[in-house]
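Just data-v1.cif here, mmCIF, C-alpha atoms:
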```cif
data_input
loop_
_atom_site.label_atom_id
_atom_site.label_comp_id
_atom_site.auth_asym_id
_atom_site.auth_seq_id
_atom_site.Cartn_x
_atom_site.Cartn_y
_atom_site.Cartn_z
CA MET D 1 -6.88 -3.65 -36.06
CA PRO D 2 -10.66 -3.63 -35.33
CA ALA D 3 -12.38 -7.00 -35.39
CA GLN D 4 -15.05 -6.09 -37.95
CA TYR D 5 -12.40 -4.94 -40.33
CA ARG D 6 -10.29 -8.05 -39.87
CA HIS D 7 -13.34 -10.22 -40.47
CA SER D 8 -14.13 -8.39 -43.69
CA GLN D 9 -10.57 -8.86 -44.93
CA LYS D 10 -11.03 -12.62 -44.95
CA LYS D 11 -13.77 -12.31 -47.55
CA PRO D 12 -12.40 -10.08 -50.29
CA GLY D 13 -14.81 -8.62 -52.69
CA CYS D 14 -17.72 -8.10 -50.39
CA ASN D 15 -18.95 -4.74 -49.35
CA THR D 16 -19.09 -4.07 -45.66
CA ILE D 17 -21.25 -1.59 -43.89
CA ILE D 18 -19.80 -0.29 -40.68
CA LYS D 19 -21.97 1.45 -38.19
CA LYS D 20 -20.39 4.02 -35.99
CA THR D 21 -21.03 3.56 -32.31
CA ASN D 22 -22.75 6.89 -31.99
CA GLY D 23 -25.05 5.85 -34.83
CA THR D 24 -24.78 9.03 -36.86
CA THR D 25 -23.14 7.80 -40.05
CA ASN D 26 -22.85 4.59 -41.99
CA ILE D 27 -19.76 4.02 -44.05
CA ASN D 28 -20.16 1.93 -47.16
CA LEU D 29 -16.78 0.54 -48.01
CA ASN D 30 -15.39 -1.40 -50.91
CA LYS D 31 -12.62 -3.77 -49.90
CA HIS D 32 -10.81 -3.55 -53.21
CA SER D 33 -10.02 0.14 -52.91
CA ILE D 34 -6.92 0.79 -50.84
CA THR D 35 -7.83 4.37 -50.16
CA GLY D 36 -11.14 3.18 -48.74
CA GLN D 37 -9.32 0.89 -46.31
CA GLU D 38 -7.14 3.70 -45.09
CA GLU D 39 -10.14 5.95 -44.63
CA HIS D 40 -11.87 3.22 -42.73
CA LYS D 41 -8.84 2.70 -40.48
CA ALA D 42 -8.70 6.38 -39.72
CA THR D 43 -12.40 6.66 -38.91
CA MET D 44 -12.38 3.51 -36.80
CA SER D 45 -9.43 4.66 -34.72
CA LYS D 46 -11.21 7.93 -34.10
CA THR D 47 -14.62 6.54 -33.27
CA THR D 48 -13.82 3.45 -31.16
CA THR D 49 -15.17 3.85 -27.68
CA LYS D 50 -13.96 2.18 -24.51
CA THR D 51 -16.40 -0.74 -24.77
CA ASP D 52 -15.31 -1.28 -28.35
CA ARG D 53 -11.69 -1.38 -27.33
CA VAL D 54 -12.43 -3.93 -24.58
CA ARG D 55 -14.35 -6.13 -27.07
CA ILE D 56 -11.57 -5.91 -29.63
CA LYS D 57 -8.97 -6.80 -27.01
CA ARG D 58 -11.02 -9.79 -25.89
CA GLU D 59 -11.37 -11.03 -29.45
CA ARG D 60 -7.67 -10.59 -30.02
CA VAL D 61 -6.90 -12.69 -26.92
CA ASN D 62 -9.26 -15.46 -28.03
CA SER D 63 -8.03 -15.60 -31.61
CA TYR D 64 -6.61 -18.76 -33.26
CA LYS D 65 -3.25 -17.08 -33.74
CA ASN D 66 -2.76 -17.01 -30.00
CA GLU D 67 -3.73 -20.64 -29.67
CA TYR D 68 -1.00 -21.64 -32.17
CA PHE D 69 1.47 -19.49 -30.28
CA TRP D 70 0.52 -21.00 -26.93
CA PHE D 71 0.76 -24.53 -28.33
CA SER D 72 4.19 -23.90 -29.83
CA GLN D 73 5.35 -22.34 -26.58
CA HIS D 74 4.14 -25.36 -24.64
CA PHE D 75 5.77 -27.72 -27.15
CA VAL D 76 9.15 -25.95 -27.06
CA ILE D 77 9.27 -25.74 -23.26
CA THR D 78 8.21 -29.36 -22.79
CA SER D 79 10.78 -30.61 -25.30
CA ILE D 80 13.54 -28.55 -23.63
CA LEU D 81 12.58 -30.07 -20.30
CA ILE D 82 12.58 -33.61 -21.70
CA ILE D 83 15.96 -33.07 -23.40
CA LEU D 84 17.41 -31.70 -20.17
CA ILE D 85 16.12 -34.65 -18.12
CA VAL D 86 17.36 -37.21 -20.68
CA TRP D 87 20.72 -35.46 -20.96
CA SER D 88 21.22 -35.37 -17.19
CA LEU D 89 20.21 -39.03 -16.77
CA LEU D 90 22.32 -40.39 -19.65
CA PRO D 91 25.10 -42.80 -18.52
CA HIS D 92 28.64 -41.42 -18.66
CA ARG D 93 29.73 -43.73 -21.47
CA THR D 94 26.98 -42.49 -23.77
CA ILE D 95 28.09 -38.95 -23.16
CA ILE D 96 31.60 -39.88 -24.25
CA ILE D 97 30.15 -41.23 -27.48
CA LEU D 98 27.99 -38.14 -27.94
CA GLN D 99 30.60 -35.65 -26.81
CA ASP D 100 31.11 -34.34 -30.33
CA ILE D 101 27.46 -33.32 -30.46
CA LEU D 102 26.60 -32.39 -26.86
CA PRO D 103 28.48 -29.91 -24.70
CA ASP D 104 30.42 -31.08 -21.68
CA GLY D 105 28.37 -33.00 -19.09
CA GLU D 106 28.98 -30.53 -16.28
CA TRP D 107 27.13 -27.80 -18.17
CA ILE D 108 23.86 -29.47 -17.31
CA ILE D 109 24.59 -28.90 -13.62
CA TYR D 110 25.49 -25.27 -14.26
CA CYS D 111 22.31 -24.69 -16.27
CA GLU D 112 20.07 -26.31 -13.69
CA SER D 113 21.71 -24.41 -10.83
CA TRP D 114 21.34 -21.16 -12.74
CA LEU D 115 17.69 -21.89 -13.37
CA LEU D 116 17.02 -22.84 -9.77
CA MET D 117 18.78 -19.83 -8.28
CA GLY D 118 17.13 -17.60 -10.89
CA MET D 119 13.74 -18.88 -9.81
CA LEU D 120 14.62 -18.31 -6.16
CA PHE D 121 15.73 -14.73 -6.78
CA THR D 122 12.72 -14.08 -9.01
CA TYR D 123 10.30 -15.20 -6.33
CA ILE D 124 12.03 -13.15 -3.62
CA GLY D 125 12.31 -10.17 -5.96
CA LEU D 126 8.64 -10.37 -6.95
CA PHE D 127 7.62 -10.60 -3.30
CA LEU D 128 9.71 -7.55 -2.38
CA TYR D 129 8.48 -5.63 -5.44
CA ASP D 130 4.88 -6.41 -4.51
CA GLU D 131 5.39 -5.27 -0.95
CA ASP D 132 7.49 -2.18 -1.49
CA VAL D 133 6.34 -0.80 -4.83
CA LEU D 134 2.88 -2.10 -5.71
CA THR D 135 1.28 -1.97 -2.25
CA PRO D 136 0.00 1.54 -1.55
CA SER D 137 1.27 3.10 1.67
CA LEU D 138 -1.03 3.51 4.68
CA ASP D 139 -1.65 7.21 4.01
CA ASP D 140 -2.45 6.73 0.34
CA LEU D 141 -5.94 7.73 -0.80
CA MET D 142 -6.09 4.49 -2.81
CA THR D 143 -6.71 2.64 0.46
CA ILE D 144 -10.10 4.39 0.59
CA THR D 145 -11.19 4.72 -3.01
CA ASP D 146 -9.87 4.93 -6.58
CA ALA D 147 -11.03 5.71 -10.09
CA LYS D 148 -12.49 2.21 -10.62
CA ALA D 149 -14.67 2.33 -7.50
CA ASN D 150 -18.39 1.71 -7.82
CA ILE D 151 -19.62 3.50 -4.73
CA VAL D 152 -23.15 3.09 -3.40
CA ILE D 153 -24.81 6.47 -3.01
CA GLU D 154 -28.18 6.44 -1.27
CA GLU D 155 -29.92 9.52 0.07
CA ASP D 156 -32.08 7.56 2.48
CA VAL D 157 -30.20 5.99 5.40
CA THR D 158 -32.74 3.24 6.02
CA LEU D 159 -32.67 2.30 2.34
CA PHE D 160 -28.88 2.09 2.47
CA LEU D 161 -29.04 -0.09 5.57
CA ASP D 162 -31.70 -2.38 4.10
CA LYS D 163 -30.28 -2.70 0.62
CA TYR D 164 -26.52 -2.69 1.10
CA ALA D 165 -25.21 -2.56 4.67
CA TYR D 166 -26.45 -5.91 5.96
CA LYS D 167 -27.21 -7.57 2.64
CA GLU D 168 -25.16 -8.88 -0.23
CA SER D 169 -25.68 -6.94 -3.43
CA SER D 170 -25.99 -8.70 -6.76
CA GLY D 171 -22.92 -6.96 -8.24
CA ILE D 172 -19.66 -5.69 -6.88
CA ARG D 173 -20.36 -2.42 -5.09
CA ASP D 174 -18.20 -0.34 -2.77
CA LEU D 175 -19.69 0.91 0.46
CA PRO D 176 -18.52 4.38 1.57
CA ILE D 177 -15.81 3.96 4.22
CA MET D 178 -17.25 6.61 6.52
CA ASP D 179 -20.62 4.85 6.77
CA VAL D 180 -18.90 1.50 7.23
CA CYS D 181 -16.84 2.92 10.11
CA ARG D 182 -19.94 4.43 11.67
CA LEU D 183 -21.75 1.09 11.52
CA LEU D 184 -18.82 -1.04 12.64
CA TYR D 185 -17.24 1.04 15.37
CA ASP D 186 -19.58 3.78 16.55
CA ASN D 187 -22.53 1.74 17.78
CA ASP D 188 -20.41 -0.98 19.30
CA PRO D 189 -19.72 -0.35 23.03
CA VAL D 190 -15.99 -0.66 23.76
CA THR D 191 -15.16 -3.58 26.00
CA ASP D 192 -11.63 -4.04 27.22
CA GLU D 193 -10.19 -7.50 26.82
CA MET Z 1 -9.32 20.97 36.02
CA PRO Z 2 -9.18 18.41 33.25
CA ARG Z 3 -10.09 14.84 34.04
CA ILE Z 4 -7.18 12.52 33.30
CA THR Z 5 -7.57 8.79 32.72
CA LYS Z 6 -4.73 6.38 32.06
CA LYS Z 7 -4.97 3.11 30.22
CA THR Z 8 -1.90 0.92 30.18
CA HIS Z 9 -1.19 -1.72 27.61
CA PHE Z 10 1.87 -3.90 27.03
CA HIS Z 11 3.33 -1.57 24.39
CA TYR Z 12 2.03 1.86 25.35
CA THR Z 13 0.10 4.00 27.82
CA LEU Z 14 -2.91 5.92 26.57
CA ILE Z 15 -3.58 9.10 28.55
CA THR Z 16 -6.89 10.87 28.01
CA GLU Z 17 -7.41 14.43 29.25
CA LYS Z 18 -10.87 15.93 29.14
CA ASN Z 19 -12.43 19.19 30.26
CA ASN Z 20 -15.58 19.22 32.36
CA ASP Z 21 -17.54 20.93 29.61
CA SER Z 22 -15.86 18.58 27.07
CA SER Z 23 -14.62 21.50 24.97
CA TYR Z 24 -11.13 20.05 25.04
CA LEU Z 25 -10.00 16.47 24.65
CA LYS Z 26 -6.44 15.20 24.42
CA PHE Z 27 -5.08 11.73 23.74
CA THR Z 28 -1.41 11.07 24.41
CA ILE Z 29 0.36 7.80 23.68
CA ILE Z 30 3.63 7.15 25.49
CA PRO Z 31 5.56 3.95 24.71
CA THR Z 32 5.94 1.65 27.74
CA SER Z 33 9.64 1.29 27.05
CA TYR Z 34 10.14 5.06 27.20
CA ASN Z 35 12.42 5.05 30.28
CA VAL Z 36 14.22 1.85 29.26
CA GLN Z 37 14.98 3.27 25.82
CA TRP Z 38 16.16 6.49 27.42
CA TYR Z 39 18.57 4.64 29.76
CA LEU Z 40 19.84 2.53 26.86
CA SER Z 41 20.48 5.66 24.77
CA CYS Z 42 22.37 7.26 27.68
CA LEU Z 43 24.44 4.09 28.07
CA LEU Z 44 25.21 3.99 24.34
CA ILE Z 45 26.31 7.63 24.35
CA GLY Z 46 28.51 7.00 27.39
CA VAL Z 47 30.17 3.96 25.84
CA VAL Z 48 30.80 5.72 22.51
CA ASN Z 49 32.32 8.74 24.24
CA LEU Z 50 34.50 6.59 26.51
CA ILE Z 51 35.88 4.76 23.48
CA SER Z 52 36.50 8.03 21.66
CA TRP Z 53 38.29 9.51 24.69
CA HIS Z 54 40.44 6.40 24.93
CA TYR Z 55 41.52 6.36 21.30
CA LEU Z 56 41.43 10.06 20.41
CA ARG Z 57 43.15 11.46 23.50
CA THR Z 58 45.22 14.08 21.73
CA ARG Z 59 42.64 15.10 19.12
CA LEU Z 60 40.17 17.30 20.91
CA LEU Z 61 38.29 18.33 17.77
CA PHE Z 62 37.45 14.71 16.88
CA GLN Z 63 36.34 14.06 20.45
CA VAL Z 64 33.96 17.00 20.29
CA ILE Z 65 32.62 15.81 16.90
CA VAL Z 66 31.99 12.30 18.27
CA ALA Z 67 30.30 13.69 21.39
CA CYS Z 68 28.01 16.01 19.42
CA GLY Z 69 27.25 13.31 16.84
CA SER Z 70 26.31 10.73 19.46
CA LEU Z 71 24.13 13.22 21.35
CA GLY Z 72 22.39 14.26 18.13
CA PHE Z 73 21.96 10.73 16.84
CA CYS Z 74 20.47 9.11 19.95
CA LYS Z 75 17.00 10.50 20.53
CA ARG Z 76 14.25 9.87 23.00
CA PRO Z 77 11.30 7.67 21.97
CA THR Z 78 8.45 9.45 20.20
CA VAL Z 79 5.41 10.61 22.14
CA GLU Z 80 2.35 11.27 20.01
CA SER Z 81 -0.77 13.20 20.89
CA VAL Z 82 -4.04 14.27 19.33
CA THR Z 83 -6.01 17.20 20.75
CA VAL Z 84 -9.58 18.03 19.83
CA PHE Z 85 -10.97 21.51 20.39
CA GLN Z 86 -14.71 21.21 20.09
CA ASP Z 87 -16.09 23.03 17.02
CA TYR Z 88 -12.60 24.32 16.14
CA GLY Z 89 -10.55 21.41 14.90
CA VAL Z 90 -7.96 18.77 15.60
CA GLN Z 91 -4.32 19.27 16.50
CA ILE Z 92 -1.81 16.49 15.90
CA SER Z 93 1.62 16.66 17.50
CA HIS Z 94 4.61 14.47 18.19
CA PHE Z 95 8.02 14.98 19.73
CA ASN Z 96 11.10 12.99 20.62
CA GLY Z 97 13.94 15.41 21.37
CA TYR Z 98 17.40 14.85 22.77
CA VAL Z 99 18.44 12.48 25.52
CA VAL Z 100 20.25 15.01 27.70
CA LEU Z 101 17.36 17.46 27.91
CA PRO Z 102 14.41 16.95 30.26
CA ARG Z 103 11.12 15.84 28.72
CA ARG Z 104 9.32 19.10 29.36
CA TRP Z 105 11.97 21.08 27.48
CA ASN Z 106 11.87 18.60 24.62
CA GLU Z 107 8.10 18.91 24.44
CA LYS Z 108 8.35 22.69 24.45
CA TRP Z 109 11.12 23.03 21.86
CA PHE Z 110 10.93 20.04 19.57
CA SER Z 111 7.26 19.10 19.23
CA LYS Z 112 5.93 19.26 15.69
CA ILE Z 113 2.37 20.49 15.66
CA VAL Z 114 -0.16 20.47 12.82
CA PHE Z 115 -3.64 21.92 13.24
CA TYR Z 116 -6.57 20.98 11.01
CA PRO Z 117 -9.57 23.34 11.23
CA ARG Z 118 -13.02 21.78 11.59
CA ASP Z 119 -14.25 22.86 8.16
CA LYS Z 120 -11.28 21.17 6.46
CA ILE Z 121 -11.90 17.80 8.11
CA VAL Z 122 -14.27 15.53 6.22
CA ASP Z 123 -14.33 12.68 8.71
CA VAL Z 124 -12.28 10.45 10.95
CA ILE Z 125 -12.13 6.77 10.02
CA ILE Z 126 -10.57 3.51 11.11
CA ASN Z 127 -8.98 2.20 7.95
CA GLU Z 128 -7.36 -1.10 7.07
CA GLY Z 129 -4.10 -1.35 5.17
CA PHE Z 130 -1.20 -3.60 4.39
CA GLU Z 131 1.96 -3.18 6.40
CA GLY Z 132 4.50 -5.77 5.32
CA SER Z 133 2.46 -8.91 4.81
CA SER Z 134 -0.08 -8.26 7.55
CA VAL Z 135 -3.26 -6.22 7.65
CA VAL Z 136 -3.33 -3.43 10.23
CA PHE Z 137 -6.05 -1.10 11.49
CA TYR Z 138 -5.23 2.55 11.88
CA LEU Z 139 -7.00 5.80 12.69
CA CYS Z 140 -6.84 8.55 10.12
CA LEU Z 141 -8.40 11.85 9.16
CA ILE Z 142 -9.74 12.64 5.72
CA VAL Z 143 -8.82 16.24 5.04
CA LYS Z 144 -10.40 18.30 2.27
CA GLY Z 145 -8.08 18.95 -0.66
CA ALA Z 146 -5.25 16.83 0.72
CA SER Z 147 -3.66 14.24 -1.55
CA LYS Z 148 -2.89 11.94 1.39
CA LEU Z 149 -4.65 10.69 4.48
CA THR Z 150 -3.53 12.03 7.85
CA LEU Z 151 -2.64 9.22 10.20
CA LEU Z 152 -3.43 9.95 13.85
CA PHE Z 153 -0.89 7.71 15.59
CA PRO Z 154 1.49 6.65 12.82
CA ARG Z 155 4.38 5.42 14.99
CA THR Z 156 2.72 3.68 17.92
CA LYS Z 157 -0.26 2.01 16.38
CA PRO Z 158 -2.78 1.44 19.20
CA ARG Z 159 -4.89 -1.69 19.44
CA LEU Z 160 -8.27 -1.78 17.71
CA VAL Z 161 -10.08 -1.56 21.08
CA ASP Z 162 -8.31 1.70 21.91
CA GLN Z 163 -8.82 2.93 18.35
CA LYS Z 164 -12.56 2.32 18.76
CA LEU Z 165 -12.53 4.24 22.03
CA ILE Z 166 -10.66 7.17 20.47
CA TYR Z 167 -12.95 7.06 17.41
CA GLN Z 168 -16.10 7.15 19.53
CA MET Z 169 -14.81 9.98 21.71
CA LEU Z 170 -13.77 11.96 18.62
CA LYS Z 171 -17.24 11.44 17.16
CA ARG Z 172 -18.87 12.69 20.38
CA GLU Z 173 -16.68 15.79 20.11
CA GLY Z 174 -18.16 16.43 16.68
CA VAL Z 175 -15.20 15.61 14.45
#
```

Translate this structure into structure tokens?
Amino acid sequence: MPAQYRHSQKKPGCNTIIKKTNGTTNINLNKHSITGQEEHKATMSKTTTKTDRVRIKRERVNSYKNEYFWFSQHFVITSILIILIVWSLLPHRTIIILQDILPDGEWIIYCESWLLMGMLFTYIGLFLYDEDVLTPSLDDLMTITDAKANIVIEEDVTLFLDKYAYKESSGIRDLPIMDVCRLLYDNDPVTDE
Amino acid sequence: MPRITKKTHFHYTLITEKNNDSSYLKFTIIPTSYNVQWYLSCLLIGVVNLISWHYLRTRLLFQVIVACGSLGFCKRPTVESVTVFQDYGVQISHFNGYVVLPRRWNEKWFSKIVFYPRDKIVDVIINEGFEGSSVVFYLCLIVKGASKLTLLFPRTKPRLVDQKLIYQMLKREGV
């Protein structure tokens, strides 16, 4: 749900004016009419651009709802950990008293071993997955460039050399691999070690 | 007569052939362990066949299958080469072939050759990539319209010094 719309829902009764990103139309919308809301939803889903979607996503990540979720997650995991530690450190006699409530004492060892071996296999599996699946092969074009690249294109060679080749740029820019190779390897006389 | 220069390294030997008018340039990389690997393959084939003869004395058909299988399975080490014809293009070839045949026959019959015309080649580069958990340098061609890069020496990866040398010579040839 778009952020502007969510914000307007918190204050029922007020009229909201939504500007389209292309700036052609303004939609005057009354919150009390259900049909209006649906129309608004439809138009918003059609007209949201990429920057809008990024902003909405960011707002969704930073919302209070997530903070509650993260806190409860932290609370649950910490309490499970504390219970496990206390349970494993309890003297044997106490366990006999509590045996109607708690499962058998050896289960704690099973659980911990499962967890430990699971972690081990997860780490090895992630490592192998990273290496074999996510890493592009040597002949992949992604090793040179991809759709997200921000390549420097300069007509003048001296300008390219002055501005980018031997100088840090203020943003993240990609230098063309062919020029980089020419600068790194072509001018350098080969000396055998 | 082409001028031939040899450069030996621990893992491989780089042979460069060049014409006097530099219209033709060929790089060949032969692994240093070429002969050792060949002897080892011969030994392995011999041992396998001896065992099969010992255990399958009466079954001639199985003996023949084992002999053919071992000869087909054990191959010679790969020899890779890149040839540049000035103003025409680059030819990439490699061959390994069978142990029992001489090298010249293997080269003649089993070499796989790909030719890239000059107007299809965008440029030659020394790229960096991940192989396992280490970063390696490798020479490759960018070919117009291809969905993949063309690696020049994919099996025996030469050292960066030799890659630089090959790169510079390729550039002089106008690739």

Which distance in Å separates CA of Leu138 (chain D) and CA of Val90 (chain Z), to one decimal?
20.0 Å

Identify all chain D residues at most 12 Å from chain Z by counting all atoms listed in the file; ligands do not count. Present them as an mmCIF file with C-alpha atoms, keeping the file's coordinate frame.
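Writing the result to iface_17.cif gives the following:
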```cif
data_model
loop_
_atom_site.group_PDB
_atom_site.id
_atom_site.type_symbol
_atom_site.label_atom_id
_atom_site.label_comp_id
_atom_site.auth_asym_id
_atom_site.auth_seq_id
_atom_site.Cartn_x
_atom_site.Cartn_y
_atom_site.Cartn_z
ATOM 1 C CA PHE D 127 7.620 -10.600 -3.300
ATOM 2 C CA LEU D 128 9.710 -7.550 -2.380
ATOM 3 C CA TYR D 129 8.480 -5.630 -5.440
ATOM 4 C CA ASP D 130 4.880 -6.410 -4.510
ATOM 5 C CA GLU D 131 5.390 -5.270 -0.950
ATOM 6 C CA ASP D 132 7.490 -2.180 -1.490
ATOM 7 C CA VAL D 133 6.340 -0.800 -4.830
ATOM 8 C CA LEU D 134 2.880 -2.100 -5.710
ATOM 9 C CA THR D 135 1.280 -1.970 -2.250
ATOM 10 C CA PRO D 136 0.000 1.540 -1.550
ATOM 11 C CA SER D 137 1.270 3.100 1.670
ATOM 12 C CA LEU D 138 -1.030 3.510 4.680
ATOM 13 C CA ASP D 139 -1.650 7.210 4.010
ATOM 14 C CA ASP D 140 -2.450 6.730 0.340
ATOM 15 C CA LEU D 141 -5.940 7.730 -0.800
ATOM 16 C CA MET D 142 -6.090 4.490 -2.810
ATOM 17 C CA THR D 143 -6.710 2.640 0.460
ATOM 18 C CA ILE D 144 -10.100 4.390 0.590
ATOM 19 C CA THR D 145 -11.190 4.720 -3.010
ATOM 20 C CA PRO D 176 -18.520 4.380 1.570
ATOM 21 C CA ILE D 177 -15.810 3.960 4.220
ATOM 22 C CA MET D 178 -17.250 6.610 6.520
ATOM 23 C CA ASP D 179 -20.620 4.850 6.770
ATOM 24 C CA VAL D 180 -18.900 1.500 7.230
ATOM 25 C CA CYS D 181 -16.840 2.920 10.110
ATOM 26 C CA ARG D 182 -19.940 4.430 11.670
ATOM 27 C CA LEU D 183 -21.750 1.090 11.520
ATOM 28 C CA LEU D 184 -18.820 -1.040 12.640
ATOM 29 C CA TYR D 185 -17.240 1.040 15.370
ATOM 30 C CA ASP D 186 -19.580 3.780 16.550
ATOM 31 C CA ASN D 187 -22.530 1.740 17.780
ATOM 32 C CA ASP D 188 -20.410 -0.980 19.300
ATOM 33 C CA PRO D 189 -19.720 -0.350 23.030
ATOM 34 C CA VAL D 190 -15.990 -0.660 23.760
ATOM 35 C CA THR D 191 -15.160 -3.580 26.000
ATOM 36 C CA ASP D 192 -11.630 -4.040 27.220
ATOM 37 C CA GLU D 193 -10.190 -7.500 26.820
#
```

How would you write, as a VMD selection string, the residues chosen by the PyMOL selection byres ((chain Z and resi 116) around 12) on this structure?
chain Z and resid 82 to 85 87 to 93 113 to 115 117 to 124 141 to 146 150 152 175

Got time to write the residues from that selection, C-alpha atoms, as a PDB file, keeping the file's coordinate frame?
```pdb
ATOM      1  CA  VAL Z  82      -4.040  14.270  19.330  1.00  0.00           C
ATOM      2  CA  THR Z  83      -6.010  17.200  20.750  1.00  0.00           C
ATOM      3  CA  VAL Z  84      -9.580  18.030  19.830  1.00  0.00           C
ATOM      4  CA  PHE Z  85     -10.970  21.510  20.390  1.00  0.00           C
ATOM      5  CA  ASP Z  87     -16.090  23.030  17.020  1.00  0.00           C
ATOM      6  CA  TYR Z  88     -12.600  24.320  16.140  1.00  0.00           C
ATOM      7  CA  GLY Z  89     -10.550  21.410  14.900  1.00  0.00           C
ATOM      8  CA  VAL Z  90      -7.960  18.770  15.600  1.00  0.00           C
ATOM      9  CA  GLN Z  91      -4.320  19.270  16.500  1.00  0.00           C
ATOM     10  CA  ILE Z  92      -1.810  16.490  15.900  1.00  0.00           C
ATOM     11  CA  SER Z  93       1.620  16.660  17.500  1.00  0.00           C
ATOM     12  CA  ILE Z 113       2.370  20.490  15.660  1.00  0.00           C
ATOM     13  CA  VAL Z 114      -0.160  20.470  12.820  1.00  0.00           C
ATOM     14  CA  PHE Z 115      -3.640  21.920  13.240  1.00  0.00           C
ATOM     15  CA  PRO Z 117      -9.570  23.340  11.230  1.00  0.00           C
ATOM     16  CA  ARG Z 118     -13.020  21.780  11.590  1.00  0.00           C
ATOM     17  CA  ASP Z 119     -14.250  22.860   8.160  1.00  0.00           C
ATOM     18  CA  LYS Z 120     -11.280  21.170   6.460  1.00  0.00           C
ATOM     19  CA  ILE Z 121     -11.900  17.800   8.110  1.00  0.00           C
ATOM     20  CA  VAL Z 122     -14.270  15.530   6.220  1.00  0.00           C
ATOM     21  CA  ASP Z 123     -14.330  12.680   8.710  1.00  0.00           C
ATOM     22  CA  VAL Z 124     -12.280  10.450  10.950  1.00  0.00           C
ATOM     23  CA  LEU Z 141      -8.400  11.850   9.160  1.00  0.00           C
ATOM     24  CA  ILE Z 142      -9.740  12.640   5.720  1.00  0.00           C
ATOM     25  CA  VAL Z 143      -8.820  16.240   5.040  1.00  0.00           C
ATOM     26  CA  LYS Z 144     -10.400  18.300   2.270  1.00  0.00           C
ATOM     27  CA  GLY Z 145      -8.080  18.950  -0.660  1.00  0.00           C
ATOM     28  CA  ALA Z 146      -5.250  16.830   0.720  1.00  0.00           C
ATOM     29  CA  THR Z 150      -3.530  12.030   7.850  1.00  0.00           C
ATOM     30  CA  LEU Z 152      -3.430   9.950  13.850  1.00  0.00           C
ATOM     31  CA  VAL Z 175     -15.200  15.610  14.450  1.00  0.00           C
TER      32      VAL Z 175
END
```

Test item: the PyMOL selection byres ((chain D and resi 162-175) around 6) resolved as a PyMOL selection string:
chain D and resi 150-152+159-161+176

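Rounded to one decimal, CA of Pro2 (chain Z) and CA of Asn20 (chain Z) lie 6.5 Å from each other.
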
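When the distance limit is 10 Å and all atoms listed in the file are what count, the residues near Asn19 (chain Z), minus those fewer than 6 positions from it on the same chain, are Met1, Pro2, Arg3, Ile4, Leu25 and Lys26 of chain Z.
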
Could those residues be written to a file, using C-alpha atoms, as a PDB file, in the frame of the given file?
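Heads up, here's the output in selection09.pdb:
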```
ATOM      1  CA  MET Z   1      -9.320  20.970  36.020  1.00  0.00           C
ATOM      2  CA  PRO Z   2      -9.180  18.410  33.250  1.00  0.00           C
ATOM      3  CA  ARG Z   3     -10.090  14.840  34.040  1.00  0.00           C
ATOM      4  CA  ILE Z   4      -7.180  12.520  33.300  1.00  0.00           C
ATOM      5  CA  LEU Z  25     -10.000  16.470  24.650  1.00  0.00           C
ATOM      6  CA  LYS Z  26      -6.440  15.200  24.420  1.00  0.00           C
TER       7      LYS Z  26
END
```

So that I can check the surroundings of region 97-110 of chain Z, please list as a PDB file with C-alpha atoms, in the frame of the given file every protein, DNA and RNA residue that reaches within 7 Å of it, counting all atoms listed in the file and ignoring chain neighbours fewer than 3 positions away.
```pdb
ATOM      1  CA  TRP Z  38      16.160   6.490  27.420  1.00  0.00           C
ATOM      2  CA  CYS Z  42      22.370   7.260  27.680  1.00  0.00           C
ATOM      3  CA  GLY Z  72      22.390  14.260  18.130  1.00  0.00           C
ATOM      4  CA  CYS Z  74      20.470   9.110  19.950  1.00  0.00           C
ATOM      5  CA  LYS Z  75      17.000  10.500  20.530  1.00  0.00           C
ATOM      6  CA  ARG Z  76      14.250   9.870  23.000  1.00  0.00           C
TER       7      ARG Z  76
END
```

Tell me, in Å to one decimal, how far CA of Lys148 (chain D) is from CA of Lys50 (chain D).
14.0 Å

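Counting only C-alpha atoms, region 110-116 of chain D has the following residues at most 10 Å away, ignoring those fewer than 5 positions along the same chain: Leu84, Ser88, Gly105, Phe121 and Thr122 of chain D.
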
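Every protein or nucleic acid residue with an atom no more than 10 Å from region 44-60 of chain Z, counting all atoms listed in the file and leaving out same-chain residues fewer than 2 positions away, appears here: Z:Trp38, Z:Tyr39, Z:Leu40, Z:Ser41, Z:Cys42, Z:Phe62, Z:Gln63, Z:Val64, Z:Ile65, Z:Val66, Z:Ala67, Z:Cys68, Z:Gly69, Z:Ser70, Z:Leu71, Z:Gly72, Z:Phe73, Z:Cys74, Z:Val99.
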
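The smallest atom-to-atom distance between Ser23 (chain Z) and any of Z:Gln86, Z:Leu61, Z:His11, Z:Ser81, using all atoms listed in the file, is found for Z:Gln86.
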